[in-house]
Amino acid sequence: MAMMRYAEALNAALREEMQADPSVFLFGEDIGRYGGVFKVTKGLMEEFGQTRVRDTPISEQALAAMAVTAAMTGTRPVLEIMYADFVPLTLDALVNQASIYNYIWNGQVKMPFVLRTQGGGGAGAGAQHSKALDSMLAHIPGIKVVAPSTPADAKGMLKAAIRDDQPVVFLEHKLLYNTRGEVPEGDVTVPLGKAATVRAGSDISVFATSKMVIEALKAADLLAADGVSAEIIDLRSLRPLDVSAIIASISKTHHAVAVNEGWRFCGYAAELSATIMDHAFDELDAPVARVTLPDMPIPYSEPLETAMLPSAEKIRAAALKTLK
Amino acid sequence: MKNTPSVEQQLEIYHRMLLVRHLEESLGALHKEGRTRGPIHRCDGQEAVGVAATAVLEAGDKVATTHRGHAVYIGKGMAMRPVVAEILGRATGACGGRAGHMLIADAEKGVIGGNAIVGAGIPAAAGMALSMQILGTGNVAMCVFGDGAAQTGICHEAMNMAGLWKLPVVFVLEHNQFGLTVPSDVQSPVENLSIRAAGYAMPAEIVDGNDAVAVYRAVSAMVERARRGEGPGMVECKTYRIEGFSTSDMGGYQKPEDIANWKARDPLQISRTALLGEVGEAQLARIEAAAKAEVAEAFDTALSDPMPEFSIDEACNPYSEAH
Ligand SMILES: Cc1ncc(C[n+]2csc(CCOP(=O)(O)OP(=O)(O)O)c2C)c(N)n1
Ligand SMILES: [Mg+2]
């Protein structure tokens, strides 16, 4: 085990996969010489050269579309889109290209394309640099969407994503890059589509991904003081979703809170709620609670932004209400 | 020379450039003290572009700008205090603290607005021009955009339609040599991005972006054409970003000699030298002192202004009963 920052764990995953497989290449804005605005690709251009680590013009739409066909023709592109807020510029490549060909062309082509991006609020970056658009991406059939919360998962899942023959959107969070944790050494992958129980509990299940796992863990501490035992499930992968892990937890606690940093309406928490109803309605003793962003743009000023974002305190309040 | 600003206009441009310079330097100092929030994109050293280009515009004309738009906000006539208050997230800010420094708007002044999606300001201005053409207002829209933004797909799409439909829009390219940390020659195979204007059947001129008079002349010629219904034009202003990309820039990729050379060509100095012979030292010193005091006062007030309080704003909620 080695202690690493989340950004360093991602960097290690990229380095190892590039060393192991010459078809892996990286491109994106400011990722080369500068090493990425969040320093995830630091040192990689120096190590692998400018052919395999490319600084690009600000051309998200074409970059994503090019990644799709590069992936189809023998390479494994890893494209960095600096902010999730710019992913909408790449949507055609995801919705109308990457996601359809494997099926439409009867399995003739593979699509080992990873789109890395980071979203989320809390940094005072304003309405165009703070969004978590995970549900919009998870909505597209044919694309995997993952969002690890720890350095170990960041490394293991990025390695797995690069080796995956399907398109994977890899969601990071600007406020996770500096978090630290133990990371297993060597070539360890973490499978996509498997949830992790990060804190066992018996009264209520809290489902979350990415930075919301950190908030959920803080909420579990608060709830413990309230005499409530919360089980925290880090879904890790939004799609495919580990439904059996969800059912197993609900069968124990009979109460659930679905947490997501995105908007509420048609959001990921709504999908979780519906999934629980589909598979475990009889296990529920109360309706599934949702903790999300309110349905509005994210304001800049600190008190406005802070009031909007899902937090440990809001998760606690939702859990207590559900248990009443 | 045709389209040369009067001495009075040049003094006002100089005054507004000074305001922007003090604004940026004050923000830099506050950032160092840890009293700002989020990244701030300064435009000091590039004031002549945003200020002189917008000085050409009339009250009813509109402008879209970038994440680095402070010179445009002030150039198009916004007062210092609501700009500073917005940057500091105060309730008294131009947008009540909701927008932050990258997205400031003042619809009455025709600033709509800052935009932090790179490239998005280009179709934004073209759309305003489309509306002006349909309504026959006789107004002109302007977009101030960066060399990085010029590489977006939407830039091509918007300029093509502007040329095709002869929209009353002027594209002011603020070529500061970098898109974030990536130098222009790593983003484009051509040095002079305005050669592309030919592909949209619009005229283009390249000017020294640190010379406010040169910027004004070129932009005003394009604005006049656009106002006459002769279609869009482009002005490529060559300048340089002497500060980091933003307050979060870790640096290390700009050549110190380039920074020094461009600092020696400070737009404020160029304007000052040009004006000295016209109006004399005393008047310039008066303007300089006034600008400094104005910015200091704006910061003093804004820093003690209240922060906004969160509430669901029914008037701005499209799903409320009110709509
Ligand atoms: C669509 C989009 N992609 C990437 C970014 C991140 N970003 C912000 S500013 C910038 C560079 C813009 O360069 P330029 O247009 O030359 O403006 P400058 O910063 O030099 O004023 C980048 C890449 C963004 N805001 N929007
Ligand atoms: Mg630039």
# chains A, B, ... in the order shown; residues from 1 in each chain; ligands from 1
$ interface_residues --of "chain B" --to "chain A" --cutoff "7 Å" --atoms "only C-alpha atoms" --output "list in words"
Arg37, Gly38, Pro39, Gly89, Gly97, Arg98, Ala99, Gly100, Ala116, Ile117, Gly148, Ala149, Gln151, Thr152, Gly153, Thr181, Val182, Gln187, Pro308, Glu309 and Phe310 of chain B
$ write_last_selection --atoms "N, CA, C and O atoms" --output "mmCIF file, in the first residue's frame"
data_model
loop_
_atom_site.group_PDB
_atom_site.id
_atom_site.type_symbol
_atom_site.label_atom_id
_atom_site.label_comp_id
_atom_site.auth_asym_id
_atom_site.auth_seq_id
_atom_site.Cartn_x
_atom_site.Cartn_y
_atom_site.Cartn_z
ATOM 1 N N ARG B 37 -12.635 34.404 -3.968
ATOM 2 C CA ARG B 37 -13.144 33.024 -4.050
ATOM 3 C C ARG B 37 -13.170 32.584 -5.506
ATOM 4 O O ARG B 37 -13.609 33.337 -6.361
ATOM 5 N N GLY B 38 -12.696 31.373 -5.766
ATOM 6 C CA GLY B 38 -12.710 30.855 -7.130
ATOM 7 C C GLY B 38 -11.622 31.525 -7.954
ATOM 8 O O GLY B 38 -10.961 32.467 -7.508
ATOM 9 N N PRO B 39 -11.407 31.020 -9.186
ATOM 10 C CA PRO B 39 -10.373 31.605 -10.034
ATOM 11 C C PRO B 39 -10.782 32.979 -10.548
ATOM 12 O O PRO B 39 -11.958 33.225 -10.797
ATOM 13 N N GLY B 89 -18.766 38.604 -4.725
ATOM 14 C CA GLY B 89 -19.918 37.788 -4.342
ATOM 15 C C GLY B 89 -20.924 38.479 -3.441
ATOM 16 O O GLY B 89 -21.634 37.825 -2.682
ATOM 17 N N GLY B 97 -24.477 38.684 -6.848
ATOM 18 C CA GLY B 97 -23.543 37.650 -6.397
ATOM 19 C C GLY B 97 -23.769 36.297 -7.057
ATOM 20 O O GLY B 97 -23.040 35.356 -6.801
ATOM 21 N N ARG B 98 -24.761 36.210 -7.922
ATOM 22 C CA ARG B 98 -25.051 34.922 -8.559
ATOM 23 C C ARG B 98 -24.060 34.598 -9.672
ATOM 24 O O ARG B 98 -23.775 33.436 -9.952
ATOM 25 N N ALA B 99 -23.590 35.636 -10.357
ATOM 26 C CA ALA B 99 -22.826 35.409 -11.589
ATOM 27 C C ALA B 99 -21.340 35.187 -11.322
ATOM 28 O O ALA B 99 -20.723 34.303 -11.917
ATOM 29 N N GLY B 100 -20.758 35.972 -10.446
ATOM 30 C CA GLY B 100 -19.306 35.896 -10.283
ATOM 31 C C GLY B 100 -18.619 36.604 -11.434
ATOM 32 O O GLY B 100 -19.265 37.036 -12.400
ATOM 33 N N ALA B 116 -18.203 31.958 -19.758
ATOM 34 C CA ALA B 116 -17.049 31.123 -19.405
ATOM 35 C C ALA B 116 -17.016 29.806 -20.161
ATOM 36 O O ALA B 116 -16.175 28.965 -19.887
ATOM 37 N N ILE B 117 -17.924 29.638 -21.115
ATOM 38 C CA ILE B 117 -17.805 28.501 -22.022
ATOM 39 C C ILE B 117 -17.057 29.054 -23.229
ATOM 40 O O ILE B 117 -17.590 29.881 -23.984
ATOM 41 N N GLY B 148 -7.776 31.259 -28.163
ATOM 42 C CA GLY B 148 -8.191 29.888 -27.873
ATOM 43 C C GLY B 148 -9.602 29.638 -28.379
ATOM 44 O O GLY B 148 -9.888 28.609 -28.988
ATOM 45 N N ALA B 149 -10.465 30.600 -28.159
ATOM 46 C CA ALA B 149 -11.860 30.481 -28.588
ATOM 47 C C ALA B 149 -11.973 30.361 -30.103
ATOM 48 O O ALA B 149 -12.908 29.748 -30.623
ATOM 49 N N GLN B 151 -10.496 28.532 -31.937
ATOM 50 C CA GLN B 151 -10.327 27.142 -32.391
ATOM 51 C C GLN B 151 -11.570 26.291 -32.163
ATOM 52 O O GLN B 151 -11.581 25.106 -32.494
ATOM 53 N N THR B 152 -12.601 26.869 -31.583
ATOM 54 C CA THR B 152 -13.808 26.076 -31.343
ATOM 55 C C THR B 152 -14.601 25.913 -32.634
ATOM 56 O O THR B 152 -14.558 26.757 -33.526
ATOM 57 N N GLY B 153 -15.343 24.839 -32.703
ATOM 58 C CA GLY B 153 -16.175 24.597 -33.883
ATOM 59 C C GLY B 153 -17.247 25.654 -34.042
ATOM 60 O O GLY B 153 -17.559 26.089 -35.156
ATOM 61 N N THR B 181 -2.874 27.420 -20.756
ATOM 62 C CA THR B 181 -1.403 27.333 -20.733
ATOM 63 C C THR B 181 -0.829 26.986 -22.099
ATOM 64 O O THR B 181 0.384 26.886 -22.258
ATOM 65 N N VAL B 182 -1.695 26.755 -23.064
ATOM 66 C CA VAL B 182 -1.220 26.236 -24.351
ATOM 67 C C VAL B 182 -0.948 27.390 -25.311
ATOM 68 O O VAL B 182 -1.847 28.175 -25.621
ATOM 69 N N GLN B 187 -1.937 25.488 -30.856
ATOM 70 C CA GLN B 187 -3.390 25.409 -31.064
ATOM 71 C C GLN B 187 -3.794 25.639 -32.515
ATOM 72 O O GLN B 187 -4.899 25.278 -32.915
ATOM 73 N N PRO B 308 -25.167 37.856 -0.099
ATOM 74 C CA PRO B 308 -26.578 37.549 -0.387
ATOM 75 C C PRO B 308 -27.067 36.383 0.474
ATOM 76 O O PRO B 308 -26.271 35.610 0.985
ATOM 77 N N GLU B 309 -28.374 36.303 0.612
ATOM 78 C CA GLU B 309 -28.961 35.160 1.315
ATOM 79 C C GLU B 309 -29.682 34.283 0.319
ATOM 80 O O GLU B 309 -30.342 34.781 -0.586
ATOM 81 N N PHE B 310 -29.585 32.987 0.515
ATOM 82 C CA PHE B 310 -30.201 32.058 -0.427
ATOM 83 C C PHE B 310 -31.710 31.993 -0.230
ATOM 84 O O PHE B 310 -32.208 31.917 0.887
#
$ residues_around --residues "Ala53 (chain B)" --least-positions-apart "3" --cutoff "7 Å" --atoms "only C-alpha atoms" --output "PyMOL selection string"
chain B and resi 49-50+56+215-216+219
$ select_by_dssp --residues "region 101-231 of chain B" --states "strand (DSSP E or B)" --output "ChimeraX atom specification"
/B:105-106,111-112,141-146,169-175,178-179,182-183,204-208
$ select_by_dssp --residues "region 83-246 of chain B" --states "alpha helix (DSSP H)" --output "PyMOL selection string"
chain B and resi 83-87+121-135+153-164+212-227
$ residues_around --residues "region 58-67 of chain B" --least-positions-apart "4" --cutoff "9 Å" --atoms "only C-alpha atoms" --output "ChimeraX atom specification"
/B:40-41,50,54,72-73,76-77,101-103,107-122,124-125,128-129,137-146
$ atom_distance --atom1 "CA of Lys238 (chain B)" --atom2 "CA of Asp258 (chain B)"
13.4 Å
$ residues_near_ligand --ligand "ligand 2" --cutoff "8 Å" --atoms "only C-alpha atoms and all ligand atoms" --output "number ranges by chain"
B: 146-149, 174-180, 184, 241
$ residues_around --residues "Ser6 (chain B)" --least-positions-apart "3" --cutoff "12 Å" --atoms "only C-alpha atoms" --output "list in words"
Met1, Lys2, Asn3, Gln9, Gln10, Leu11, Glu12, Ile13, Ala55, Val56, Val213, Tyr216, Arg217, Leu275 and Glu278 of chain B
$ decode --residues "region 8-39 of chain A" --atoms "N, CA, C and O atoms" --output "compact mmCIF listing (two decimals), in the first residue's frame"
# COMPACT_ATOMS: atom_id res chain seq x y z
N GLU A 8 -2.86 11.81 -7.84
CA GLU A 8 -1.66 10.97 -8.06
C GLU A 8 -2.04 9.54 -8.42
O GLU A 8 -1.37 8.89 -9.23
N ALA A 9 -3.11 9.06 -7.82
CA ALA A 9 -3.57 7.70 -8.12
C ALA A 9 -4.00 7.61 -9.59
O ALA A 9 -3.70 6.63 -10.28
N LEU A 10 -4.69 8.64 -10.06
CA LEU A 10 -5.10 8.66 -11.48
C LEU A 10 -3.87 8.71 -12.38
O LEU A 10 -3.79 8.03 -13.40
N ASN A 11 -2.92 9.52 -11.97
CA ASN A 11 -1.68 9.65 -12.73
C ASN A 11 -0.98 8.31 -12.83
O ASN A 11 -0.51 7.90 -13.90
N ALA A 12 -0.93 7.58 -11.72
CA ALA A 12 -0.27 6.27 -11.71
C ALA A 12 -0.99 5.31 -12.64
O ALA A 12 -0.36 4.53 -13.38
N ALA A 13 -2.32 5.35 -12.62
CA ALA A 13 -3.09 4.45 -13.49
C ALA A 13 -2.78 4.75 -14.96
O ALA A 13 -2.56 3.83 -15.76
N LEU A 14 -2.76 6.02 -15.31
CA LEU A 14 -2.48 6.39 -16.70
C LEU A 14 -1.08 5.93 -17.09
O LEU A 14 -0.87 5.35 -18.16
N ARG A 15 -0.11 6.20 -16.22
CA ARG A 15 1.28 5.82 -16.52
C ARG A 15 1.39 4.31 -16.73
O ARG A 15 1.96 3.85 -17.71
N GLU A 16 0.81 3.54 -15.83
CA GLU A 16 0.94 2.08 -15.92
C GLU A 16 0.26 1.55 -17.18
O GLU A 16 0.81 0.68 -17.86
N GLU A 17 -0.91 2.08 -17.49
CA GLU A 17 -1.61 1.58 -18.68
C GLU A 17 -0.87 1.98 -19.95
O GLU A 17 -0.85 1.25 -20.93
N MET A 18 -0.26 3.17 -19.94
CA MET A 18 0.50 3.58 -21.12
C MET A 18 1.77 2.76 -21.28
O MET A 18 2.19 2.45 -22.39
N GLN A 19 2.37 2.40 -20.14
CA GLN A 19 3.57 1.55 -20.21
C GLN A 19 3.20 0.17 -20.73
O GLN A 19 3.92 -0.42 -21.52
N ALA A 20 2.06 -0.33 -20.31
CA ALA A 20 1.68 -1.70 -20.65
C ALA A 20 1.15 -1.82 -22.08
O ALA A 20 1.25 -2.89 -22.69
N ASP A 21 0.58 -0.75 -22.60
CA ASP A 21 -0.13 -0.87 -23.88
C ASP A 21 0.16 0.36 -24.75
O ASP A 21 -0.34 1.45 -24.47
N PRO A 22 0.95 0.18 -25.81
CA PRO A 22 1.32 1.33 -26.65
C PRO A 22 0.14 1.93 -27.42
O PRO A 22 0.28 3.01 -28.00
N SER A 23 -1.01 1.27 -27.41
CA SER A 23 -2.15 1.85 -28.12
C SER A 23 -2.91 2.85 -27.25
O SER A 23 -3.82 3.54 -27.73
N VAL A 24 -2.55 2.95 -25.98
CA VAL A 24 -3.21 3.93 -25.11
C VAL A 24 -2.61 5.30 -25.37
O VAL A 24 -1.38 5.45 -25.38
N PHE A 25 -3.43 6.29 -25.65
CA PHE A 25 -2.91 7.65 -25.78
C PHE A 25 -3.84 8.65 -25.11
O PHE A 25 -5.01 8.37 -24.90
N LEU A 26 -3.27 9.81 -24.76
CA LEU A 26 -4.02 10.81 -24.02
C LEU A 26 -4.12 12.08 -24.83
O LEU A 26 -3.13 12.49 -25.45
N PHE A 27 -5.27 12.70 -24.85
CA PHE A 27 -5.33 14.06 -25.40
C PHE A 27 -6.35 14.90 -24.66
O PHE A 27 -7.20 14.39 -23.96
N GLY A 28 -6.16 16.21 -24.77
CA GLY A 28 -7.03 17.13 -24.05
C GLY A 28 -6.34 18.46 -23.88
O GLY A 28 -5.17 18.62 -24.20
N GLU A 29 -7.09 19.42 -23.34
CA GLU A 29 -6.58 20.79 -23.22
C GLU A 29 -5.65 20.91 -22.01
O GLU A 29 -6.03 20.51 -20.90
N ASP A 30 -4.46 21.41 -22.23
CA ASP A 30 -3.49 21.69 -21.15
C ASP A 30 -2.98 20.44 -20.44
O ASP A 30 -2.40 20.53 -19.37
N ILE A 31 -3.15 19.26 -21.03
CA ILE A 31 -2.75 18.03 -20.32
C ILE A 31 -1.28 17.69 -20.53
O ILE A 31 -0.72 16.88 -19.80
N GLY A 32 -0.65 18.30 -21.55
CA GLY A 32 0.71 17.91 -21.89
C GLY A 32 1.76 18.63 -21.09
O GLY A 32 2.10 18.24 -19.97
N ARG A 33 2.26 19.70 -21.67
CA ARG A 33 3.36 20.41 -21.02
C ARG A 33 3.01 20.82 -19.58
O ARG A 33 3.81 20.68 -18.68
N TYR A 34 1.80 21.30 -19.39
CA TYR A 34 1.40 21.80 -18.07
C TYR A 34 1.02 20.65 -17.12
O TYR A 34 1.01 20.82 -15.92
N GLY A 35 0.67 19.51 -17.69
CA GLY A 35 0.32 18.37 -16.84
C GLY A 35 -1.13 18.37 -16.37
O GLY A 35 -1.48 17.65 -15.43
N GLY A 36 -1.96 19.17 -17.04
CA GLY A 36 -3.38 19.20 -16.69
C GLY A 36 -3.67 20.26 -15.65
O GLY A 36 -2.86 20.48 -14.76
N VAL A 37 -4.83 20.91 -15.73
CA VAL A 37 -5.11 21.97 -14.76
C VAL A 37 -5.30 21.40 -13.36
O VAL A 37 -5.15 22.11 -12.37
N PHE A 38 -5.60 20.11 -13.25
CA PHE A 38 -5.66 19.48 -11.93
C PHE A 38 -4.47 18.54 -11.71
O PHE A 38 -4.46 17.72 -10.81
N LYS A 39 -3.49 18.63 -12.61
CA LYS A 39 -2.20 17.93 -12.49
C LYS A 39 -2.33 16.40 -12.56
O LYS A 39 -1.44 15.68 -12.09
